[in-house]
file my_file.cif (mmCIF, C-alpha atoms)
data_work
loop_
_atom_site.label_atom_id
_atom_site.label_comp_id
_atom_site.auth_asym_id
_atom_site.auth_seq_id
_atom_site.Cartn_x
_atom_site.Cartn_y
_atom_site.Cartn_z
CA MET O 740 -85.32 41.35 27.32
CA LEU O 741 -87.58 41.06 24.29
CA GLU O 742 -84.76 42.41 22.11
CA TYR O 743 -82.56 39.56 23.35
CA VAL O 744 -85.30 37.02 22.62
CA HIS O 745 -85.81 38.52 19.16
CA GLU O 746 -82.10 38.19 18.35
CA GLN O 747 -82.05 34.59 19.53
CA LEU O 748 -85.18 33.63 17.60
CA LEU O 749 -83.80 35.19 14.43
CA GLN O 750 -80.92 32.70 14.61
CA ASP O 751 -83.29 29.71 14.67
CA ARG O 752 -83.45 28.61 11.05
CA SER O 753 -86.15 26.05 11.77
CA LEU O 754 -88.58 28.79 12.84
CA GLU O 755 -90.33 30.32 9.85
CA ALA O 756 -90.70 34.11 9.82
CA PRO O 757 -94.53 34.24 10.12
CA ARG O 758 -94.48 31.88 13.11
CA ARG O 759 -91.60 33.77 14.74
CA LYS O 760 -93.40 37.09 14.26
CA ALA O 761 -96.61 35.69 15.73
CA ILE O 762 -94.73 34.41 18.78
CA GLU O 763 -92.89 37.70 19.21
CA ALA O 764 -96.15 39.67 18.96
CA ALA O 765 -97.74 37.44 21.61
CA LEU O 766 -94.69 37.82 23.86
CA GLU O 767 -94.73 41.60 23.47
CA LYS O 768 -98.41 41.74 24.38
CA ARG O 769 -98.09 39.37 27.36
CA PHE O 770 -94.83 40.73 28.78
CA ALA O 771 -95.84 44.41 28.53
CA ASN O 772 -93.35 46.41 30.62
CA TYR O 773 -91.43 43.29 31.67
CA GLY O 774 -90.26 43.16 28.05
CA PHE O 775 -88.06 46.18 28.70
CA ASN O 776 -86.08 44.40 31.43
CA VAL O 777 -82.38 44.13 30.66
CA VAL O 778 -80.83 40.68 30.50
CA ASN O 779 -78.14 40.51 33.14
CA PRO O 780 -75.09 38.89 31.48
CA ASP O 781 -73.97 37.57 34.88
CA LYS O 782 -77.38 35.96 35.60
CA PRO O 783 -79.13 35.19 32.31
CA GLU O 784 -81.15 32.27 33.71
CA ASP O 785 -84.48 34.05 33.28
CA ALA O 786 -83.92 34.77 29.58
CA ARG O 787 -82.39 31.35 28.90
CA THR O 788 -85.28 29.58 30.56
CA LEU O 789 -87.72 31.71 28.58
CA LEU O 790 -85.98 30.68 25.35
CA HIS O 791 -86.14 27.03 26.44
CA VAL O 792 -89.87 27.35 27.16
CA ILE O 793 -90.42 29.05 23.78
CA ALA O 794 -88.53 26.28 21.99
CA GLU O 795 -90.60 23.59 23.69
CA GLY O 796 -93.79 25.45 22.79
CA VAL O 797 -92.68 25.61 19.17
CA LEU O 798 -91.91 21.87 19.18
CA ASP O 799 -95.34 21.18 20.71
CA ARG O 800 -96.92 23.40 18.04
CA ALA O 801 -98.53 25.45 20.80
CA ASP O 802 -100.47 28.57 19.98
CA PRO O 803 -98.32 31.75 20.21
CA ALA O 804 -100.53 33.10 23.01
CA ARG O 805 -99.99 29.89 24.99
CA ILE O 806 -96.23 30.12 24.42
CA ALA O 807 -96.32 33.71 25.68
CA ASP O 808 -98.42 32.83 28.74
CA VAL O 809 -96.27 29.88 29.80
CA GLY O 810 -93.08 31.81 28.99
CA PHE O 811 -94.21 34.78 31.06
CA ALA O 812 -95.15 32.56 34.00
CA ALA O 813 -91.69 30.98 33.92
CA TYR O 814 -89.84 34.27 33.41
CA ARG O 815 -91.66 36.06 36.21
CA ALA O 816 -91.13 33.20 38.66
CA ILE O 817 -87.38 33.20 38.03
CA TRP O 818 -87.28 37.00 38.16
CA ARG O 819 -88.88 36.71 41.61
CA GLY O 820 -86.30 34.21 42.83
CA ALA O 821 -87.50 30.71 41.92
CA PRO O 822 -84.78 28.30 40.71
CA ALA O 823 -84.59 28.26 36.91
CA ASP O 824 -84.26 24.50 36.51
CA ALA O 825 -87.34 23.78 38.61
CA VAL O 826 -89.35 26.49 36.85
CA ALA O 827 -88.40 25.09 33.45
CA GLY O 828 -89.57 21.65 34.53
CA ILE O 829 -92.88 22.99 35.77
CA ALA O 830 -93.40 24.97 32.57
CA LEU O 831 -92.65 21.97 30.36
CA TYR O 832 -94.97 19.80 32.43
CA GLY O 833 -97.58 22.52 32.04
CA TYR O 834 -97.33 22.33 28.27
CA GLN O 835 -97.77 18.57 28.25
CA LYS O 836 -100.69 18.49 30.69
CA LYS O 837 -102.37 21.67 29.40
CA ILE O 838 -102.12 23.32 32.83
CA PRO O 839 -103.30 26.96 32.84
CA ALA O 840 -100.49 29.53 32.88
CA ASP O 841 -101.82 31.02 36.15
CA SER O 842 -101.40 27.63 37.83
CA ILE O 843 -97.89 27.29 36.41
CA ALA O 844 -97.08 30.75 37.78
CA ALA O 845 -98.54 29.92 41.20
CA LEU O 846 -96.63 26.66 41.51
CA SER O 847 -93.40 28.23 40.27
CA GLY O 848 -93.89 31.20 42.56
CA SER O 849 -94.41 28.95 45.56
CA LEU O 850 -90.93 27.54 44.92
CA SER O 851 -89.49 30.98 45.52
CA GLY O 852 -91.36 31.26 48.82
CA MET O 853 -90.26 27.81 49.97
CA ARG O 854 -86.69 28.59 49.00
CA SER O 855 -86.77 31.77 51.12
CA ALA O 856 -88.34 29.97 54.08
CA LEU O 857 -85.70 27.25 54.02
CA ARG O 858 -82.91 29.83 54.30
CA CYS O 859 -84.10 30.88 57.77
#
call {"tool": "encode", "arguments": {"input": "my_file.cif", "output": "structure tokens"}}
result
Amino acid sequence: MLEYVHEQLLQDRSLEAPRRKAIEAALEKRFANYGFNVVNPDKPEDARTLLHVIAEGVLDRADPARIADVGFAAYRAIWRGAPADAVAGIALYGYQKKIPADSIAALSGSLSGMRSALRC
């Protein structure tokens, strides 16, 4: 997954190399083994949402560690079954309101649980 993100970030001409490298290093540290996940071409919502969250963090001039934390919270919630559009909204709200990444993850994760409960 981190290879996919790297390729996509390389294409962003507005992102200077030092900033891109700092973001990628923070992502690698935060994602750990999740970074080796393969992007499913039939269901790329997790990677696309992560890229959206990264882009918003760059626009907000967020610290690379913050981008990685919010990105990981969003990615993991989608990976666990939460709807990508709702997770993206929560993550973007989290950037604006300076909500801790753990709270973003908890709220996003609860969406997955509610979604499962409603299918009963």
call {"tool": "closest_residue", "arguments": {"input": "my_file.cif", "among": "O:Ile793, O:Leu798, O:Ala786, O:Ala756", "to": "Ile817 (chain O)", "atoms": "only C-alpha atoms"}}
result
O:Ala786
call {"tool": "residues_around", "arguments": {"input": "my_file.cif", "residues": "Tyr743 (chain O)", "least_positions_apart": "6", "cutoff": "12 Å", "atoms": "all atoms listed in the file", "output": "number ranges by chain"}}
result
O: 749-750, 763, 774-780, 783, 785-787, 789-790
call {"tool": "resolve_selection", "arguments": {"input": "my_file.cif", "expression": "the PyMOL selection byres ((chain O and resi 810-816) around 7)", "output": "PyMOL selection string"}}
result
chain O and resi 770+785+789+792-793+806-809+817-821+826-827+830+840+843-844+847-848
call {"tool": "atom_distance", "arguments": {"input": "my_file.cif", "atom1": "CA of Ile762 (chain O)", "atom2": "CA of Lys782 (chain O)"}}
result
24.2 Å
call {"tool": "atom_distance", "arguments": {"input": "my_file.cif", "atom1": "CA of Ala764 (chain O)", "atom2": "CA of Asp781 (chain O)"}}
result
27.4 Å
call {"tool": "closest_residue", "arguments": {"input": "my_file.cif", "among": "O:Gln835, O:Pro757, O:Gln747, O:Ala771", "to": "His791 (chain O)", "atoms": "all atoms listed in the file"}}
result
O:Gln747
call {"tool": "atom_distance", "arguments": {"input": "my_file.cif", "atom1": "CA of Ala825 (chain O)", "atom2": "CA of Arg758 (chain O)"}}
result
27.7 Å
call {"tool": "closest_residue", "arguments": {"input": "my_file.cif", "among": "O:Ala761, O:Ala801, O:Ile829, O:Leu766", "to": "Val744 (chain O)", "atoms": "only C-alpha atoms"}}
result
O:Leu766
call {"tool": "closest_residue", "arguments": {"input": "my_file.cif", "among": "O:Asp799, O:Tyr834, O:Ala804, O:Met740", "to": "Lys760 (chain O)", "atoms": "all atoms listed in the file"}}
result
O:Ala804
call {"tool": "decode", "arguments": {"input": "my_file.cif", "residues": "region 742-779 of chain O", "atoms": "N, CA, C and O atoms", "output": "mmCIF file, in the first residue's frame"}}
result
data_model
loop_
_atom_site.group_PDB
_atom_site.id
_atom_site.type_symbol
_atom_site.label_atom_id
_atom_site.label_comp_id
_atom_site.auth_asym_id
_atom_site.auth_seq_id
_atom_site.Cartn_x
_atom_site.Cartn_y
_atom_site.Cartn_z
ATOM 1 N N GLU O 742 3.753 1.576 -1.272
ATOM 2 C CA GLU O 742 4.316 1.741 -2.623
ATOM 3 C C GLU O 742 3.336 2.503 -3.512
ATOM 4 O O GLU O 742 3.730 3.388 -4.270
ATOM 5 N N TYR O 743 2.073 2.148 -3.418
ATOM 6 C CA TYR O 743 1.024 2.826 -4.187
ATOM 7 C C TYR O 743 0.972 4.306 -3.817
ATOM 8 O O TYR O 743 0.929 5.175 -4.687
ATOM 9 N N VAL O 744 0.989 4.588 -2.524
ATOM 10 C CA VAL O 744 0.954 5.980 -2.057
ATOM 11 C C VAL O 744 2.184 6.728 -2.567
ATOM 12 O O VAL O 744 2.076 7.861 -3.039
ATOM 13 N N HIS O 745 3.342 6.091 -2.488
ATOM 14 C CA HIS O 745 4.578 6.719 -2.968
ATOM 15 C C HIS O 745 4.451 7.107 -4.446
ATOM 16 O O HIS O 745 4.777 8.231 -4.824
ATOM 17 N N GLU O 746 3.961 6.181 -5.256
ATOM 18 C CA GLU O 746 3.801 6.452 -6.691
ATOM 19 C C GLU O 746 2.842 7.618 -6.939
ATOM 20 O O GLU O 746 3.083 8.459 -7.806
ATOM 21 N N GLN O 747 1.775 7.660 -6.174
ATOM 22 C CA GLN O 747 0.798 8.733 -6.350
ATOM 23 C C GLN O 747 1.366 10.080 -5.896
ATOM 24 O O GLN O 747 1.158 11.096 -6.551
ATOM 25 N N LEU O 748 2.089 10.084 -4.798
ATOM 26 C CA LEU O 748 2.672 11.339 -4.303
ATOM 27 C C LEU O 748 3.761 11.860 -5.228
ATOM 28 O O LEU O 748 3.945 13.076 -5.351
ATOM 29 N N LEU O 749 4.477 10.958 -5.872
ATOM 30 C CA LEU O 749 5.507 11.383 -6.829
ATOM 31 C C LEU O 749 4.898 12.175 -7.988
ATOM 32 O O LEU O 749 5.557 13.043 -8.559
ATOM 33 N N GLN O 750 3.667 11.888 -8.323
ATOM 34 C CA GLN O 750 2.998 12.558 -9.436
ATOM 35 C C GLN O 750 2.487 13.953 -9.079
ATOM 36 O O GLN O 750 2.137 14.725 -9.956
ATOM 37 N N ASP O 751 2.454 14.265 -7.784
ATOM 38 C CA ASP O 751 1.950 15.562 -7.329
ATOM 39 C C ASP O 751 3.066 16.595 -7.428
ATOM 40 O O ASP O 751 3.955 16.650 -6.593
ATOM 41 N N ARG O 752 3.010 17.408 -8.445
ATOM 42 C CA ARG O 752 4.063 18.403 -8.690
ATOM 43 C C ARG O 752 4.053 19.540 -7.680
ATOM 44 O O ARG O 752 5.033 20.260 -7.553
ATOM 45 N N SER O 753 2.951 19.716 -6.985
ATOM 46 C CA SER O 753 2.886 20.794 -5.996
ATOM 47 C C SER O 753 3.562 20.411 -4.678
ATOM 48 O O SER O 753 3.812 21.262 -3.836
ATOM 49 N N LEU O 754 3.854 19.129 -4.509
ATOM 50 C CA LEU O 754 4.464 18.636 -3.280
ATOM 51 C C LEU O 754 5.978 18.562 -3.460
ATOM 52 O O LEU O 754 6.473 17.772 -4.261
ATOM 53 N N GLU O 755 6.700 19.394 -2.746
ATOM 54 C CA GLU O 755 8.152 19.424 -2.868
ATOM 55 C C GLU O 755 8.753 18.157 -2.272
ATOM 56 O O GLU O 755 8.222 17.580 -1.321
ATOM 57 N N ALA O 756 9.879 17.728 -2.828
ATOM 58 C CA ALA O 756 10.513 16.467 -2.448
ATOM 59 C C ALA O 756 10.776 16.344 -0.946
ATOM 60 O O ALA O 756 10.470 15.298 -0.363
ATOM 61 N N PRO O 757 11.338 17.351 -0.273
ATOM 62 C CA PRO O 757 11.584 17.190 1.168
ATOM 63 C C PRO O 757 10.296 16.963 1.968
ATOM 64 O O PRO O 757 10.266 16.140 2.883
ATOM 65 N N ARG O 758 9.249 17.678 1.595
ATOM 66 C CA ARG O 758 7.961 17.516 2.294
ATOM 67 C C ARG O 758 7.374 16.137 2.005
ATOM 68 O O ARG O 758 6.878 15.467 2.902
ATOM 69 N N ARG O 759 7.435 15.709 0.752
ATOM 70 C CA ARG O 759 6.932 14.382 0.382
ATOM 71 C C ARG O 759 7.684 13.298 1.150
ATOM 72 O O ARG O 759 7.081 12.380 1.702
ATOM 73 N N LYS O 760 9.001 13.415 1.202
ATOM 74 C CA LYS O 760 9.808 12.414 1.905
ATOM 75 C C LYS O 760 9.494 12.385 3.402
ATOM 76 O O LYS O 760 9.447 11.314 4.012
ATOM 77 N N ALA O 761 9.266 13.552 3.980
ATOM 78 C CA ALA O 761 8.921 13.606 5.401
ATOM 79 C C ALA O 761 7.568 12.941 5.654
ATOM 80 O O ALA O 761 7.404 12.189 6.634
ATOM 81 N N ILE O 762 6.605 13.180 4.775
ATOM 82 C CA ILE O 762 5.291 12.553 4.903
ATOM 83 C C ILE O 762 5.406 11.046 4.726
ATOM 84 O O ILE O 762 4.843 10.271 5.495
ATOM 85 N N GLU O 763 6.157 10.614 3.721
ATOM 86 C CA GLU O 763 6.317 9.180 3.484
ATOM 87 C C GLU O 763 7.015 8.497 4.654
ATOM 88 O O GLU O 763 6.646 7.379 5.032
ATOM 89 N N ALA O 764 7.998 9.145 5.248
ATOM 90 C CA ALA O 764 8.692 8.560 6.404
ATOM 91 C C ALA O 764 7.729 8.427 7.591
ATOM 92 O O ALA O 764 7.730 7.407 8.289
ATOM 93 N N ALA O 765 6.905 9.446 7.800
ATOM 94 C CA ALA O 765 5.921 9.391 8.885
ATOM 95 C C ALA O 765 4.887 8.300 8.633
ATOM 96 O O ALA O 765 4.495 7.578 9.556
ATOM 97 N N LEU O 766 4.454 8.165 7.383
ATOM 98 C CA LEU O 766 3.497 7.108 7.034
ATOM 99 C C LEU O 766 4.104 5.732 7.265
ATOM 100 O O LEU O 766 3.453 4.843 7.827
ATOM 101 N N GLU O 767 5.345 5.554 6.835
ATOM 102 C CA GLU O 767 6.013 4.260 7.006
ATOM 103 C C GLU O 767 6.123 3.895 8.484
ATOM 104 O O GLU O 767 5.868 2.750 8.870
ATOM 105 N N LYS O 768 6.475 4.872 9.299
ATOM 106 C CA LYS O 768 6.593 4.626 10.742
ATOM 107 C C LYS O 768 5.231 4.294 11.350
ATOM 108 O O LYS O 768 5.100 3.349 12.124
ATOM 109 N N ARG O 769 4.209 5.060 11.002
ATOM 110 C CA ARG O 769 2.881 4.885 11.609
ATOM 111 C C ARG O 769 2.168 3.631 11.116
ATOM 112 O O ARG O 769 1.523 2.931 11.873
ATOM 113 N N PHE O 770 2.306 3.337 9.836
ATOM 114 C CA PHE O 770 1.582 2.200 9.256
ATOM 115 C C PHE O 770 2.225 0.859 9.583
ATOM 116 O O PHE O 770 1.543 -0.158 9.573
ATOM 117 N N ALA O 771 3.510 0.846 9.844
ATOM 118 C CA ALA O 771 4.241 -0.390 10.163
ATOM 119 C C ALA O 771 3.857 -1.499 9.175
ATOM 120 O O ALA O 771 3.961 -1.298 7.977
ATOM 121 N N ASN O 772 3.385 -2.624 9.674
ATOM 122 C CA ASN O 772 3.069 -3.757 8.798
ATOM 123 C C ASN O 772 1.856 -3.520 7.901
ATOM 124 O O ASN O 772 1.717 -4.175 6.867
ATOM 125 N N TYR O 773 0.976 -2.606 8.268
ATOM 126 C CA TYR O 773 -0.157 -2.274 7.400
ATOM 127 C C TYR O 773 0.335 -1.721 6.064
ATOM 128 O O TYR O 773 -0.351 -1.806 5.062
ATOM 129 N N GLY O 774 1.526 -1.140 6.066
ATOM 130 C CA GLY O 774 2.086 -0.572 4.849
ATOM 131 C C GLY O 774 2.343 -1.594 3.765
ATOM 132 O O GLY O 774 2.458 -1.252 2.592
ATOM 133 N N PHE O 775 2.431 -2.860 4.151
ATOM 134 C CA PHE O 775 2.673 -3.934 3.182
ATOM 135 C C PHE O 775 1.387 -4.481 2.576
ATOM 136 O O PHE O 775 1.441 -5.349 1.700
ATOM 137 N N ASN O 776 0.236 -3.995 3.042
ATOM 138 C CA ASN O 776 -1.032 -4.436 2.457
ATOM 139 C C ASN O 776 -1.059 -4.101 0.969
ATOM 140 O O ASN O 776 -0.535 -3.076 0.549
ATOM 141 N N VAL O 777 -1.676 -4.963 0.204
ATOM 142 C CA VAL O 777 -1.794 -4.769 -1.240
ATOM 143 C C VAL O 777 -3.089 -4.017 -1.534
ATOM 144 O O VAL O 777 -4.134 -4.323 -0.966
ATOM 145 N N VAL O 778 -2.996 -3.028 -2.399
ATOM 146 C CA VAL O 778 -4.192 -2.289 -2.806
ATOM 147 C C VAL O 778 -4.997 -3.173 -3.743
ATOM 148 O O VAL O 778 -4.493 -3.629 -4.767
ATOM 149 N N ASN O 779 -6.232 -3.422 -3.369
ATOM 150 C CA ASN O 779 -7.122 -4.243 -4.179
ATOM 151 C C ASN O 779 -7.667 -3.367 -5.312
ATOM 152 O O ASN O 779 -8.397 -2.414 -5.053
#
